[in-house]
Amino acid sequence: MKVLYYILAILLVLFIFIPFFWMFSTAVKPLREAYSIPPTLVPQDFSPENFPVAFERAQALRAFFVTAVYALGCVVLYLVVAAFAGYAFARYKFYGKNILFLMVLATLMIPIEVNLLPLYRLLKALGWLNSFQGMILPRVVEPFGIFLFRQHFQTIPDEYVDSARIDGCREVTIFRRIMLPMSIHPVVVVCLFMFLWRWNELLYPLVISTSNRMRTLQVVISLFIRERYVEWNYQMALCVAAIMPILILFIAIQKYFVQGVVLSGMKG
Amino acid sequence: MVTWKTRLRITPYFFLLPAMLLLGIFTFYPLTQAVRLSFYEWEIISEPVYSGLQNYRDTFGDFKFWQSILVTLHYVLVSVPGTILLALFTALLLNTKMRLRNLFRSLIFFPAFTSLVAIGMIWKYMYSTDYGILNYFISLLGGKPVGWLSDPSIALWSLILVTIWHGLGWNMVIFLAGLQNIPEGYYEAARIDGANGIQRFWFITLPLLKPITLFVVVMAVIYTFRSFDFVFVTTRGGPGTSTSLLMWYFYRQGFIMYRMGQATAIALILFLVVLMFTILELRLFRGEVRY
């Protein structure tokens, strides 16, 4: 019985990992080897120069930079926006609270594709197409972080806040000095997931930033391909580059990946 | 000098201001515009012109739209159960005590976070009819090459396989969390009462996983209905219309045909279809998810 379990587990892992192995392997093969039959599982002619060549051809260095600014810009703003909003919903009573919370909840339902063309029009009117602010600002708000912070701040006992208020602390100071330092976990989860979403996103940047200089990595990769004859080794080198930051994060802080997924699941 | 009371009354609005500004300008305002634009004829260079229900008439009168609906339903109704059953199976398997369990979990979990573009690309390469690694293995076994992405009767199944491959890890982790929330005592009590493994699974594990399964199904349906990236990088709706998912149809009308008013109408229709499905699922399950 035990042996059967191991065999099944290993089959599943192989099913998941063969494509990745193949991607990494192809990324360091010369072109003729990428097309060779029979295929070589391990590169015979190790060619790490694929990376600079592919980056040069696809102008991927610029794209890497654009994607990083896009993703990190969203992360930084979102952290402020989500922590503030979650804090307000968790710790204050105020007029209109339920309606405002319902509005945040409702945005869960509104998919980006519905707003895509109106946003395109809006950004065009503002002259923000192909600009960082045009990419970032519309993509900053997601309900996930607001819910997460709200849940988290609700668990912090009132005593902390009360004593600070009696000492004459300003509300913002309470938030910054008392609340945030107790919130490392949600801060990391929220930043991480926002980063993952924006780093991997395709449709929105594909439509909003069309100039060569403002393309994100995912867009560049998806457009780099030419129909009949694809230079798969360069293509795979770009894919490896696109995955690398996430792989590094995954190895470094895997437990937050798990937490984020589980938290997203517990709200059901 | 502002009193403590007024300060408390104003502060929450201050904290909410950034979120509400952004939501108002970049979510709710565009939403009203989306509804409005769906009644306008709008091609990229021209200004939108009111055209009544024309966009909806064009869409519902378009054979390709109905094909996209069928393709999307096929895609969703196969890949969602496929993903969830495989994820449940994987979670059960990796919840048993075994060596390297955590390593196995991590390895299966990772693809959930890699970009769909990169994943679509590597599968496209593996699926290639002439030099793809899949057909190479098939030829080793003596089979004929398969047109994974070029045969209209197979292409959608190939996309479904990628979708399941990609969704497995995410859903597995949610199921694992659900499994770990079931108190060990239930199983011990059942064991004392003489329940065997299958009975324990059927009468304890499955019912207690139901709320989480409902959530997983709802999220997977919403997510899969809106699938775009794979099609964009692999088949672009082809061959023929065999993989023309609704999101692809939307993109094609909006950004290849430049019928942006109609595309907005399509997005709204897609939104309503997904909403309907979500309500239906909640209805179907709701009665059963109370203990």
# chains A, B, ... in the order shown; residues from 1 in each chain; ligands from 1
$ select_by_dssp --residues "stretch 52-170 of chain A" --states "alpha helix (DSSP H)" --output "MDAnalysis selection string"
chainID A and resid 52:58 60:91 97:107 112:126 132:136 143:154 158:166
$ closest_atom_pairs --of "chain A" --to "chain B" --cutoff "7 Å" --atoms "only C-alpha atoms" --output "CSV"
residue,atom,partner,partner_atom,distance
A:Tyr5,CA,B:Leu93,CA,6.8
A:Val13,CA,B:Ile108,CA,6.0
A:Ile16,CA,B:Ile108,CA,6.1
A:Pro19,CA,B:Ile122,CA,6.5
A:Met23,CA,B:Ile122,CA,6.0
A:Tyr35,CA,B:Tyr131,CA,6.1
A:Ile37,CA,B:Tyr131,CA,6.7
A:Pro39,CA,B:Ile133,CA,7.0
A:Val81,CA,B:Ala19,CA,5.3
A:Phe84,CA,B:Phe15,CA,4.8
A:Ala85,CA,B:Leu16,CA,4.7
A:Ala88,CA,B:Pro12,CA,4.9
A:Tyr92,CA,B:Pro12,CA,6.2
A:Phe94,CA,B:Arg9,CA,6.7
A:Glu113,CA,B:Ala267,CA,6.1
A:Val114,CA,B:Ala267,CA,5.0
A:Asn115,CA,B:Pro30,CA,5.6
A:Leu117,CA,B:Thr264,CA,6.6
A:Pro118,CA,B:Pro30,CA,5.2
A:Leu119,CA,B:Pro30,CA,6.0
A:Pro138,CA,B:Phe26,CA,5.0
A:Val141,CA,B:Leu23,CA,6.7
A:Leu196,CA,B:Phe113,CA,6.9
A:Asn200,CA,B:Ser115,CA,4.7
A:Leu202,CA,B:Asp229,CA,6.7
A:Gln218,CA,B:Val117,CA,6.2
A:Ser222,CA,B:Val233,CA,5.6
A:Cys239,CA,B:Ala118,CA,5.0
A:Ile243,CA,B:Thr114,CA,5.9
A:Ile246,CA,B:Thr114,CA,6.9
A:Val258,CA,B:Val173,CA,7.0
A:Val261,CA,B:Ile174,CA,6.7
A:Val262,CA,B:Ile174,CA,5.4
A:Gly265,CA,B:Ile174,CA,6.1
A:Gly268,CA,B:Phe215,CA,5.2
$ write_last_selection --atoms "C-alpha atoms" --output "PDB file, in the first residue's frame"
ATOM      1  CA  TYR A   5       1.277   5.824  -2.532  1.00  0.00           C
ATOM      2  CA  VAL A  13       5.307  15.213  -9.336  1.00  0.00           C
ATOM      3  CA  ILE A  16       3.910  18.647 -12.881  1.00  0.00           C
ATOM      4  CA  PRO A  19       7.271  20.780 -18.413  1.00  0.00           C
ATOM      5  CA  MET A  23      11.659  24.646 -20.228  1.00  0.00           C
ATOM      6  CA  TYR A  35      14.553  21.135 -32.992  1.00  0.00           C
ATOM      7  CA  ILE A  37      14.862  14.499 -33.181  1.00  0.00           C
ATOM      8  CA  PRO A  39      15.205  15.439 -28.479  1.00  0.00           C
ATOM      9  CA  VAL A  81      -4.712  51.394   0.450  1.00  0.00           C
ATOM     10  CA  PHE A  84      -5.924  51.728   5.665  1.00  0.00           C
ATOM     11  CA  ALA A  85      -9.263  50.459   4.398  1.00  0.00           C
ATOM     12  CA  ALA A  88     -11.192  51.462   9.029  1.00  0.00           C
ATOM     13  CA  TYR A  92     -14.273  52.031  13.649  1.00  0.00           C
ATOM     14  CA  PHE A  94     -19.113  55.039  11.164  1.00  0.00           C
ATOM     15  CA  GLU A 113     -12.507  42.579 -18.952  1.00  0.00           C
ATOM     16  CA  VAL A 114     -15.769  44.447 -18.356  1.00  0.00           C
ATOM     17  CA  ASN A 115     -13.857  47.582 -17.439  1.00  0.00           C
ATOM     18  CA  LEU A 117     -12.410  49.207 -22.804  1.00  0.00           C
ATOM     19  CA  PRO A 118     -13.850  51.988 -20.633  1.00  0.00           C
ATOM     20  CA  LEU A 119     -10.494  52.145 -18.853  1.00  0.00           C
ATOM     21  CA  PRO A 138      -6.425  51.254 -12.033  1.00  0.00           C
ATOM     22  CA  VAL A 141      -7.472  47.921  -5.581  1.00  0.00           C
ATOM     23  CA  LEU A 196       2.395  37.705  -8.199  1.00  0.00           C
ATOM     24  CA  ASN A 200       2.064  37.478 -14.244  1.00  0.00           C
ATOM     25  CA  LEU A 202      -1.281  39.606 -19.433  1.00  0.00           C
ATOM     26  CA  GLN A 218       4.534  38.677 -20.251  1.00  0.00           C
ATOM     27  CA  SER A 222       3.528  36.365 -25.823  1.00  0.00           C
ATOM     28  CA  CYS A 239      10.106  32.179 -19.990  1.00  0.00           C
ATOM     29  CA  ILE A 243       9.559  32.686 -13.795  1.00  0.00           C
ATOM     30  CA  ILE A 246       8.781  33.955  -8.536  1.00  0.00           C
ATOM     31  CA  VAL A 258       0.498  28.633   1.396  1.00  0.00           C
ATOM     32  CA  VAL A 261      -3.975  30.492  -0.756  1.00  0.00           C
ATOM     33  CA  VAL A 262      -5.483  29.076   2.414  1.00  0.00           C
ATOM     34  CA  GLY A 265     -10.023  29.659   0.577  1.00  0.00           C
ATOM     35  CA  GLY A 268     -16.002  30.711   1.573  1.00  0.00           C
TER      36      GLY A 268
END
$ closest_residue --among "B:Thr59, B:Asn181, B:Thr83, B:Ser139" --to "B:Leu208" --atoms "only C-alpha atoms"
B:Asn181
$ closest_residue --among "A:Ile18, A:Val28, A:Leu192, A:Val80" --to "A:Arg176" --atoms "only C-alpha atoms"
A:Val80
$ residues_around --residues "B:Trp157" --least-positions-apart "2" --cutoff "12 Å" --atoms "only C-alpha atoms" --output "NGL selection string"
:B and (71-72 or 74-79 or 82 or 127 or 147-155 or 159-164 or 242-243)
